[in-house]
$ cat my_file06.tsv   # TSV, C-alpha atoms
chain	number	residue	atom	x	y	z
A	1	MET	CA	-12.77	-4.11	23.13
A	2	ALA	CA	-9.19	-3.13	22.33
A	3	HIS	CA	-7.05	-5.41	20.18
A	4	VAL	CA	-4.48	-7.11	22.45
A	5	VAL	CA	-0.85	-6.93	21.29
A	6	ALA	CA	1.47	-9.18	23.28
A	7	VAL	CA	5.13	-8.18	22.87
A	8	LEU	CA	7.42	-11.05	23.84
A	9	ALA	CA	10.81	-9.92	25.19
A	10	LEU	CA	13.42	-12.67	25.01
A	11	PRO	CA	16.75	-11.80	26.63
A	12	PRO	CA	18.85	-9.99	25.77
A	13	VAL	CA	16.22	-7.99	23.92
A	14	VAL	CA	17.01	-5.01	21.68
A	15	GLY	CA	15.68	-2.12	23.75
A	16	PHE	CA	15.03	0.12	20.76
A	17	ASP	CA	12.88	-2.56	19.10
A	18	LEU	CA	11.01	-3.31	22.31
A	19	ALA	CA	10.02	0.34	22.73
A	20	ILE	CA	8.41	0.60	19.28
A	21	PRO	CA	5.16	-1.43	19.70
A	22	PRO	CA	4.02	0.27	22.93
A	23	GLN	CA	4.75	3.68	21.42
A	24	VAL	CA	3.04	3.10	18.07
A	25	PHE	CA	0.13	0.88	19.05
A	26	GLY	CA	-0.25	2.53	22.44
A	27	THR	CA	-0.74	5.92	20.78
A	28	ALA	CA	-3.45	4.77	18.35
A	29	GLU	CA	-6.92	5.90	19.38
A	30	ARG	CA	-10.25	7.03	17.99
A	31	ASP	CA	-12.46	9.53	19.82
A	32	GLY	CA	-10.16	9.24	22.84
A	33	ARG	CA	-10.57	5.46	22.98
A	34	PRO	CA	-7.41	3.30	22.83
A	35	LEU	CA	-7.52	0.92	19.89
A	36	TYR	CA	-4.86	-1.47	21.20
A	37	ASP	CA	-4.04	-3.00	24.56
A	38	VAL	CA	-0.25	-3.50	24.48
A	39	ARG	CA	1.16	-6.00	26.98
A	40	VAL	CA	4.94	-6.46	27.13
A	41	CYS	CA	5.66	-9.92	28.48
A	42	ALA	CA	8.55	-12.28	29.21
A	43	LEU	CA	8.96	-15.87	30.27
A	44	GLU	CA	8.84	-14.51	33.83
A	45	PRO	CA	7.76	-11.06	35.03
A	46	GLY	CA	10.61	-8.90	36.23
A	47	PRO	CA	13.86	-7.52	34.82
A	48	VAL	CA	14.79	-8.47	31.24
A	49	PRO	CA	18.35	-7.72	30.10
A	50	THR	CA	18.80	-5.69	26.93
A	51	THR	CA	21.63	-5.58	24.43
A	52	ALA	CA	22.47	-2.04	25.57
A	53	GLY	CA	23.66	-2.92	29.06
A	54	TYR	CA	20.52	-2.14	31.05
A	55	ALA	CA	17.48	-4.14	32.08
A	56	LEU	CA	13.79	-3.39	31.61
A	57	HIS	CA	11.16	-4.35	34.15
A	58	VAL	CA	8.40	-6.38	32.46
A	59	GLU	CA	5.07	-6.68	34.24
A	60	HIS	CA	3.50	-9.59	32.35
A	61	GLY	CA	4.48	-13.23	32.14
A	62	PRO	CA	3.71	-15.70	29.33
A	63	GLU	CA	0.00	-15.67	30.25
A	64	ALA	CA	-0.29	-12.50	28.13
A	65	LEU	CA	0.26	-14.63	25.04
A	66	ALA	CA	-2.95	-16.58	25.67
A	67	ALA	CA	-5.00	-13.39	25.37
A	68	ALA	CA	-3.22	-12.03	22.30
A	69	ASP	CA	-4.82	-10.97	19.04
A	70	THR	CA	-1.33	-10.11	17.79
A	71	VAL	CA	1.99	-11.51	18.99
A	72	LEU	CA	5.07	-9.42	18.26
A	73	VAL	CA	8.67	-10.46	18.86
A	74	PRO	CA	11.19	-7.59	18.83
A	75	GLY	CA	14.85	-7.99	17.96
A	76	THR	CA	16.86	-10.16	20.31
A	77	HIS	CA	20.23	-11.85	20.79
A	78	TYR	CA	18.45	-14.85	22.34
A	79	VAL	CA	21.08	-17.56	21.86
A	80	PRO	CA	18.92	-20.65	21.11
A	81	ALA	CA	17.12	-18.85	18.27
A	82	ARG	CA	20.03	-16.77	16.96
A	83	ARG	CA	22.80	-19.38	17.09
A	84	ASP	CA	21.01	-22.72	16.84
A	85	GLY	CA	17.69	-21.87	15.16
A	86	VAL	CA	15.65	-23.59	17.88
A	87	LEU	CA	13.58	-22.66	20.91
A	88	PRO	CA	13.64	-24.38	24.31
A	89	PRO	CA	10.50	-26.19	25.52
A	90	GLU	CA	9.39	-23.39	27.84
A	91	VAL	CA	9.26	-20.91	24.96
A	92	LEU	CA	7.48	-23.34	22.65
A	93	GLN	CA	4.95	-24.10	25.38
A	94	ALA	CA	4.29	-20.40	25.91
A	95	LEU	CA	3.84	-19.78	22.19
A	96	ALA	CA	1.50	-22.77	21.93
A	97	THR	CA	-1.01	-20.87	24.07
A	98	VAL	CA	-1.44	-18.15	21.44
A	99	PRO	CA	-5.01	-18.31	20.10
A	100	ALA	CA	-5.60	-19.70	16.64
A	101	GLY	CA	-6.03	-16.90	14.13
A	102	ALA	CA	-3.73	-14.47	15.94
A	103	ARG	CA	-1.45	-12.28	13.85
A	104	TRP	CA	2.30	-12.87	14.21
A	105	MET	CA	4.82	-10.08	13.83
A	106	SER	CA	8.53	-9.52	14.32
A	107	ILE	CA	10.93	-6.61	14.30
A	108	CYS	CA	14.50	-7.10	13.11
A	109	THR	CA	16.02	-10.33	14.47
A	110	GLY	CA	12.74	-11.26	16.13
A	111	ALA	CA	12.23	-13.11	12.84
A	112	PHE	CA	14.74	-15.72	14.09
A	113	VAL	CA	12.31	-16.53	16.91
A	114	LEU	CA	9.29	-16.82	14.61
A	115	ALA	CA	11.30	-19.05	12.28
A	116	ALA	CA	12.49	-21.25	15.14
A	117	ALA	CA	8.84	-21.61	16.19
A	118	GLY	CA	7.99	-22.85	12.69
A	119	ARG	CA	5.88	-19.79	11.87
A	120	LEU	CA	7.86	-18.78	8.78
A	121	ASP	CA	8.22	-22.14	6.99
A	122	GLY	CA	7.46	-21.68	3.31
A	123	ARG	CA	6.66	-18.00	3.85
A	124	ARG	CA	8.26	-14.74	2.74
A	125	ALA	CA	9.83	-12.63	5.48
A	126	THR	CA	12.55	-10.10	6.20
A	127	THR	CA	15.05	-9.26	8.91
A	128	HIS	CA	18.02	-6.95	9.33
A	129	TRP	CA	20.05	-7.00	6.12
A	130	ALA	CA	23.27	-7.77	8.03
A	131	ARG	CA	21.71	-10.92	9.52
A	132	ALA	CA	20.12	-12.31	6.35
A	133	ASP	CA	22.89	-14.78	5.52
A	134	SER	CA	22.96	-16.29	9.00
A	135	PHE	CA	19.15	-16.50	8.88
A	136	ARG	CA	19.27	-18.40	5.56
A	137	ALA	CA	21.82	-20.84	6.95
A	138	LEU	CA	19.50	-21.69	9.85
A	139	HIS	CA	16.20	-21.59	7.96
A	140	PRO	CA	16.59	-22.47	4.26
A	141	ASP	CA	12.83	-23.08	3.92
A	142	VAL	CA	12.03	-19.41	4.56
A	143	GLU	CA	12.05	-16.94	1.65
A	144	ILE	CA	14.05	-14.16	3.26
A	145	ASP	CA	14.17	-10.78	1.50
A	146	GLU	CA	16.71	-8.37	2.98
A	147	ASP	CA	16.03	-5.69	0.36
A	148	VAL	CA	12.75	-4.39	1.83
A	149	LEU	CA	11.62	-2.49	4.93
A	150	PHE	CA	8.88	-4.94	5.80
A	151	VAL	CA	6.83	-7.85	4.49
A	152	ASP	CA	3.10	-8.12	5.20
A	153	GLU	CA	1.44	-11.46	4.46
A	154	GLY	CA	-1.77	-10.77	6.36
A	155	ASP	CA	-1.48	-13.12	9.33
A	156	LEU	CA	2.29	-12.71	9.32
A	157	ALA	CA	4.29	-9.48	9.18
A	158	THR	CA	8.04	-9.02	9.59
A	159	SER	CA	10.22	-5.93	9.49
A	160	ALA	CA	13.82	-5.14	8.75
A	161	GLY	CA	16.14	-3.79	11.42
A	162	LEU	CA	15.46	-1.23	14.12
A	163	ALA	CA	13.61	1.83	12.76
A	164	ALA	CA	11.90	-0.29	10.09
A	165	GLY	CA	9.85	-1.62	12.99
A	166	ILE	CA	8.20	1.80	13.18
A	167	ASP	CA	7.28	1.54	9.50
A	168	LEU	CA	5.77	-1.91	10.01
A	169	CYS	CA	3.77	-0.96	13.10
A	170	LEU	CA	2.41	2.18	11.41
A	171	HIS	CA	1.52	0.07	8.37
A	172	VAL	CA	-0.42	-2.35	10.59
A	173	VAL	CA	-2.26	0.51	12.31
A	174	ARG	CA	-3.11	1.87	8.87
A	175	ARG	CA	-4.32	-1.53	7.72
A	176	ASP	CA	-6.38	-2.03	10.88
A	177	HIS	CA	-7.84	1.47	11.28
A	178	GLY	CA	-7.10	3.56	8.20
A	179	GLU	CA	-4.93	6.46	7.08
A	180	ALA	CA	-6.27	9.07	9.49
A	181	VAL	CA	-5.48	7.08	12.63
A	182	ALA	CA	-2.03	6.02	11.40
A	183	ASN	CA	-1.15	9.56	10.35
A	184	GLU	CA	-2.18	10.89	13.76
A	185	VAL	CA	0.09	8.34	15.44
A	186	ALA	CA	2.97	9.34	13.15
A	187	ARG	CA	2.34	13.01	13.89
A	188	HIS	CA	2.46	12.33	17.63
A	189	LEU	CA	5.70	10.37	17.27
A	190	VAL	CA	7.17	12.99	14.90
A	191	VAL	CA	8.08	10.39	12.27
A	192	ALA	CA	7.34	10.00	8.59
A	193	PRO	CA	3.75	8.75	8.30
A	194	TRP	CA	4.49	6.32	5.54
A	195	ARG	CA	7.37	4.54	3.84
A	196	ASP	CA	6.58	1.81	1.36
A	197	GLY	CA	7.39	-1.68	2.59
A	198	GLY	CA	9.24	-2.36	-0.65
A	199	GLN	CA	11.64	0.50	-0.05
A	200	ALA	CA	15.27	-0.53	0.28
A	201	GLN	CA	16.59	-1.12	3.80
A	202	PHE	CA	19.65	1.02	3.20
A	203	ILE	CA	21.11	3.27	0.53
A	204	GLU	CA	24.72	2.65	-0.41
A	205	ARG	CA	25.29	5.96	-2.19
A	206	PRO	CA	25.41	9.17	-0.13
A	207	LEU	CA	22.48	11.50	-0.73
A	208	PRO	CA	23.07	14.60	-2.84
A	209	VAL	CA	23.93	17.55	-0.64
A	210	ASP	CA	22.76	20.31	-2.98
A	211	ASP	CA	19.15	21.05	-3.79
A	212	GLN	CA	19.86	21.11	-7.52
A	213	GLY	CA	21.03	17.52	-7.43
A	214	SER	CA	18.06	16.26	-5.43
A	215	THR	CA	14.70	14.93	-6.57
A	216	ALA	CA	12.99	16.14	-3.38
A	217	ALA	CA	11.30	19.17	-4.96
A	218	THR	CA	9.98	17.02	-7.79
A	219	ARG	CA	8.53	14.54	-5.30
A	220	VAL	CA	6.69	17.38	-3.58
A	221	TRP	CA	5.42	18.58	-6.96
A	222	ALA	CA	4.38	15.05	-7.97
A	223	ARG	CA	2.27	14.62	-4.82
A	224	GLU	CA	0.38	17.77	-5.83
A	225	HIS	CA	-0.23	16.47	-9.37
A	226	LEU	CA	-1.10	12.81	-8.86
A	227	ALA	CA	-4.12	13.10	-11.16
A	228	ASP	CA	-1.85	14.07	-14.06
A	229	PRO	CA	0.25	11.73	-16.22
A	230	LEU	CA	3.52	11.24	-14.36
A	231	ASP	CA	6.00	9.14	-16.27
A	232	VAL	CA	9.75	9.28	-15.69
A	233	ALA	CA	10.26	11.70	-18.56
A	234	THR	CA	7.77	14.17	-17.08
A	235	LEU	CA	9.37	13.93	-13.65
A	236	ALA	CA	12.85	14.31	-15.11
A	237	ARG	CA	11.83	17.43	-17.02
A	238	HIS	CA	10.50	18.99	-13.84
A	239	ALA	CA	13.81	18.21	-12.12
A	240	SER	CA	15.81	19.49	-15.12
A	241	MET	CA	17.61	16.18	-15.45
A	242	SER	CA	17.96	13.50	-18.07
A	243	THR	CA	15.66	10.53	-17.49
A	244	ARG	CA	18.63	8.28	-16.75
A	245	THR	CA	20.13	10.67	-14.19
A	246	PHE	CA	16.75	11.30	-12.60
A	247	ALA	CA	15.94	7.61	-12.24
A	248	ARG	CA	19.36	6.91	-10.74
A	249	ARG	CA	19.17	9.78	-8.23
A	250	PHE	CA	15.53	9.02	-7.38
A	251	ARG	CA	16.40	5.45	-6.41
A	252	ALA	CA	19.46	6.63	-4.47
A	253	GLU	CA	17.26	8.99	-2.40
A	254	THR	CA	14.16	6.83	-1.93
A	255	GLY	CA	15.33	3.26	-2.39
A	256	THR	CA	12.65	2.60	-4.99
A	257	SER	CA	11.83	3.40	-8.62
A	258	PRO	CA	9.85	6.48	-9.71
A	259	HIS	CA	7.05	4.26	-11.05
A	260	ALA	CA	6.70	2.28	-7.82
A	261	TRP	CA	6.84	5.45	-5.73
A	262	ILE	CA	4.17	7.23	-7.80
A	263	LEU	CA	1.88	4.19	-7.64
A	264	ALA	CA	2.25	3.97	-3.87
A	265	GLN	CA	1.50	7.70	-3.51
A	266	ARG	CA	-1.62	7.32	-5.64
A	267	VAL	CA	-2.94	4.39	-3.64
A	268	ALA	CA	-2.29	6.27	-0.39
A	269	HIS	CA	-4.11	9.35	-1.74
A	270	ALA	CA	-7.05	7.21	-2.85
A	271	ARG	CA	-7.29	5.78	0.64
A	272	ARG	CA	-7.33	9.26	2.16
A	273	LEU	CA	-10.09	10.35	-0.23
A	274	LEU	CA	-12.18	7.28	0.57
A	275	GLU	CA	-11.81	7.94	4.28
A	276	SER	CA	-12.39	11.68	4.33
A	277	THR	CA	-14.68	12.60	1.42
A	278	ASP	CA	-17.99	11.62	-0.18
A	279	LEU	CA	-16.47	11.56	-3.66
A	280	ALA	CA	-17.83	8.83	-5.90
A	281	VAL	CA	-15.45	5.92	-6.43
A	282	GLU	CA	-14.98	7.00	-10.06
A	283	ARG	CA	-13.84	10.45	-8.91
A	284	VAL	CA	-11.51	8.96	-6.32
A	285	ALA	CA	-9.90	6.86	-9.04
A	286	ALA	CA	-9.50	9.90	-11.27
A	287	GLU	CA	-8.25	12.33	-8.63
A	288	SER	CA	-5.72	9.86	-7.25
A	289	GLY	CA	-4.35	9.23	-10.73
A	290	LEU	CA	-5.31	5.55	-10.78
A	291	GLY	CA	-7.61	6.26	-13.71
A	292	THR	CA	-10.46	3.77	-13.57
A	293	THR	CA	-12.54	2.14	-10.88
A	294	SER	CA	-11.19	-1.26	-11.92
A	295	SER	CA	-7.63	-0.02	-11.49
A	296	LEU	CA	-8.46	1.46	-8.09
A	297	ARG	CA	-10.19	-1.74	-7.07
A	298	ALA	CA	-7.23	-3.90	-8.11
A	299	HIS	CA	-4.61	-1.77	-6.39
A	300	LEU	CA	-6.65	-1.38	-3.20
A	301	ALA	CA	-7.28	-5.11	-3.06
A	302	ALA	CA	-3.56	-5.75	-3.40
A	303	ASP	CA	-2.77	-3.17	-0.72
A	304	VAL	CA	-5.37	-3.92	1.96
A	305	GLY	CA	-7.55	-6.71	0.58
A	306	LEU	CA	-10.70	-4.59	0.33
A	307	SER	CA	-12.84	-3.07	-2.41
A	308	PRO	CA	-13.19	0.76	-2.43
A	309	VAL	CA	-16.73	0.54	-1.01
A	310	ALA	CA	-15.69	-1.89	1.71
A	311	TYR	CA	-12.65	0.22	2.55
A	312	ARG	CA	-14.77	3.37	2.92
A	313	ARG	CA	-17.31	1.55	5.07
A	314	THR	CA	-14.57	0.11	7.29
A	315	TYR	CA	-12.35	3.15	7.76
A	316	ARG	CA	-14.68	6.10	7.51
A	317	ALA	CA	-14.20	8.03	10.78
A	318	SER	CA	-17.78	9.28	10.82
A	319	PRO	CA	-20.32	10.17	8.13
A	320	ARG	CA	-20.54	13.79	9.26
A	321	ALA	CA	-16.78	14.32	9.34
A	322	SER	CA	-16.51	14.04	5.57
A	323	GLN	CA	-16.30	16.74	2.99
A	324	PRO	CA	-19.25	17.29	0.62
A	325	ALA	CA	-19.06	15.58	-2.72
A	326	ALA	CA	-17.62	17.69	-5.50
A	327	THR	CA	-19.88	18.48	-8.39
$ encode --input "my_file06.tsv" --output "structure tokens"
Amino acid sequence: MAHVVAVLALPPVVGFDLAIPPQVFGTAERDGRPLYDVRVCALEPGPVPTTAGYALHVEHGPEALAAADTVLVPGTHYVPARRDGVLPPEVLQALATVPAGARWMSICTGAFVLAAAGRLDGRRATTHWARADSFRALHPDVEIDEDVLFVDEGDLATSAGLAAGIDLCLHVVRRDHGEAVANEVARHLVVAPWRDGGQAQFIERPLPVDDQGSTAATRVWAREHLADPLDVATLARHASMSTRTFARRFRAETGTSPHAWILAQRVAHARRLLESTDLAVERVAAESGLGTTSSLRAHLAADVGLSPVAYRRTYRASPRASQPAAT
């Protein structure tokens, strides 16, 4: 049975944000079978105003929330939540029907709604960087981090503004169903398959316009040499830069440090190997550059909460689809 995602549109909803969950989750499938049942809902079925001057017709009412495995609130200018930090009784009553154990998600200023519902108290979350100060004023008990693309706390996941919602939804698909499914969704949507949640929301410096001043070629090279030692000095030599210049330009282009980026690439590669090959766990650790099985186990547990064996058993597409083990 497909996982039900109820997307709650509170007016005026941000149309861009609202379109993301049906596109990402609605595209995810395995062997032609949809993996998610996405139901866009409102307090009443019918037209819902957007912030862009048009209305969207919503088929489902609040009853969709009672069947949800995941509830997602996209960005909104909904006045009670955005201005006053509260929700009226009819919204609270609708949210009270959400089954226990459901996952809660928000895109952009949808976090104001989750906070007003009491879902973010004492938790870490994010929202659009330009709205972080107003969020803190309304909800001082929430640890808001405006410097990241998204925050995943298992049963609670929040994204930064607008396009960061794509990153969060792809991350959740990846967590639920593995690299192969998430990458296929990204390929269909013609978007980057993966951006680390810890990546900065925005880059203040303009990107270098000439290839010589960019770290892009070195990033391509690094992905092809993940099994090798890759410290900043090695990367800087490949880019023909000083370590200081390289580190500065790398962060300007990616929003993260070389070390964090390399680690994330290695974990992602290890996940792909576990899904698509029969390589022993020791070989996966070595070929991904994580070194030892204990290191692989620790990083995979931090990333998805599973051991390498459990991850392979959970996300392996099919035993016969794998490559033969290398000798």
$ closest_residue --input "my_file06.tsv" --among "A:Pro258, A:Pro62, A:Gly289, A:Pro308" --to "Glu224 in chain A" --atoms "all atoms listed in the file"
A:Gly289
$ residues_around --input "my_file06.tsv" --residues "Asp145 in chain A" --least-positions-apart "6" --cutoff "9 Å" --atoms "all atoms listed in the file" --output "list in words"
Arg124, Ala125, Thr126, Thr127, Trp129, Ala132 and Val151 of chain A
$ axis_aligned_box --input "my_file06.tsv" --around "range 136-151 of chain A" --padding-each-side "4 Å" --output "JSON"
{"center_x": 14.3, "center_y": -12.8, "center_z": 5.1, "size_x": 23.0, "size_y": 28.6, "size_z": 17.5}
$ atom_distance --input "my_file06.tsv" --atom1 "CA of Thr234 in chain A" --atom2 "CA of Phe246 in chain A"
10.4 Å
$ residues_around --input "my_file06.tsv" --residues "Ala42 in chain A" --least-positions-apart "2" --cutoff "12 Å" --atoms "only C-alpha atoms" --output "PyMOL selection string"
chain A and resi 6-13+18+39-40+44-49+56-65+72-74+90-91+94-95
$ atom_distance --input "my_file06.tsv" --atom1 "CA of Gly165 in chain A" --atom2 "CA of Ser276 in chain A"
27.3 Å
$ atom_distance --input "my_file06.tsv" --atom1 "CA of Ala66 in chain A" --atom2 "CA of Pro99 in chain A"
6.2 Å
$ residues_around --input "my_file06.tsv" --residues "Asn183 in chain A" --least-positions-apart "2" --cutoff "12 Å" --atoms "all atoms listed in the file" --output "ChimeraX atom specification"
/A:24,27-29,167,169-175,177-181,185-195,268,272
$ decode --input "my_file06.tsv" --residues "range 272-298 of chain A" --atoms "N, CA and C atoms" --output "CSV table (one decimal), in the first residue's frame"
chain,number,residue,atom,x,y,z
A,272,ARG,N,25.1,3.8,-2.8
A,272,ARG,CA,24.9,3.3,-4.1
A,272,ARG,C,25.5,1.9,-4.3
A,273,LEU,N,26.7,1.7,-3.7
A,273,LEU,CA,27.3,0.4,-3.8
A,273,LEU,C,26.5,-0.7,-3.1
A,274,LEU,N,26.0,-0.3,-1.9
A,274,LEU,CA,25.2,-1.3,-1.1
A,274,LEU,C,23.9,-1.6,-1.9
A,275,GLU,N,23.4,-0.7,-2.6
A,275,GLU,CA,22.1,-0.9,-3.3
A,275,GLU,C,22.3,-1.7,-4.6
A,276,SER,N,23.5,-1.5,-5.3
A,276,SER,CA,23.6,-2.0,-6.6
A,276,SER,C,24.6,-3.0,-6.9
A,277,THR,N,25.4,-3.4,-5.8
A,277,THR,CA,26.4,-4.4,-6.0
A,277,THR,C,26.4,-5.5,-4.9
A,278,ASP,N,27.1,-6.6,-5.1
A,278,ASP,CA,27.3,-7.6,-4.1
A,278,ASP,C,28.6,-7.5,-3.3
A,279,LEU,N,29.3,-6.3,-3.5
A,279,LEU,CA,30.5,-6.1,-2.8
A,279,LEU,C,30.4,-6.4,-1.3
A,280,ALA,N,31.4,-7.0,-0.7
A,280,ALA,CA,31.4,-7.2,0.8
A,280,ALA,C,31.4,-5.8,1.4
A,281,VAL,N,30.9,-5.7,2.6
A,281,VAL,CA,30.8,-4.4,3.3
A,281,VAL,C,32.2,-3.8,3.5
A,282,GLU,N,33.2,-4.7,3.7
A,282,GLU,CA,34.6,-4.2,3.8
A,282,GLU,C,35.1,-3.5,2.5
A,283,ARG,N,34.7,-4.1,1.4
A,283,ARG,CA,35.0,-3.5,0.1
A,283,ARG,C,34.3,-2.2,-0.2
A,284,VAL,N,33.0,-2.2,0.2
A,284,VAL,CA,32.2,-0.9,0.1
A,284,VAL,C,32.9,0.2,0.9
A,285,ALA,N,33.3,-0.1,2.1
A,285,ALA,CA,34.0,0.9,2.9
A,285,ALA,C,35.2,1.4,2.3
A,286,ALA,N,36.0,0.5,1.7
A,286,ALA,CA,37.3,0.9,1.0
A,286,ALA,C,37.0,1.6,-0.2
A,287,GLU,N,36.1,1.2,-1.1
A,287,GLU,CA,35.9,1.8,-2.4
A,287,GLU,C,35.2,3.2,-2.3
A,288,SER,N,34.5,3.4,-1.2
A,288,SER,CA,33.8,4.7,-1.0
A,288,SER,C,34.8,5.7,-0.3
A,289,GLY,N,35.9,5.2,0.2
A,289,GLY,CA,36.9,6.1,0.8
A,289,GLY,C,36.6,6.2,2.3
A,290,LEU,N,35.6,5.5,2.9
A,290,LEU,CA,35.3,5.6,4.3
A,290,LEU,C,36.3,4.7,5.1
A,291,GLY,N,37.0,3.9,4.5
A,291,GLY,CA,38.1,3.2,5.1
A,291,GLY,C,37.8,1.9,5.8
A,292,THR,N,37.1,1.9,6.9
A,292,THR,CA,36.8,0.7,7.6
A,292,THR,C,35.3,0.4,7.8
A,293,THR,N,35.0,-0.8,8.1
A,293,THR,CA,33.6,-1.1,8.3
A,293,THR,C,33.0,-0.3,9.4
A,294,SER,N,33.8,-0.1,10.5
A,294,SER,CA,33.2,0.6,11.6
A,294,SER,C,33.0,2.1,11.2
A,295,SER,N,33.8,2.7,10.4
A,295,SER,CA,33.6,4.0,9.9
A,295,SER,C,32.3,4.1,9.0
A,296,LEU,N,32.2,3.1,8.1
A,296,LEU,CA,31.0,3.1,7.3
A,296,LEU,C,29.8,2.9,8.1
A,297,ARG,N,29.8,2.0,9.1
A,297,ARG,CA,28.7,1.8,9.9
A,297,ARG,C,28.3,3.0,10.7
A,298,ALA,N,29.3,3.8,11.2
A,298,ALA,CA,29.0,5.0,12.0
A,298,ALA,C,28.3,6.1,11.1
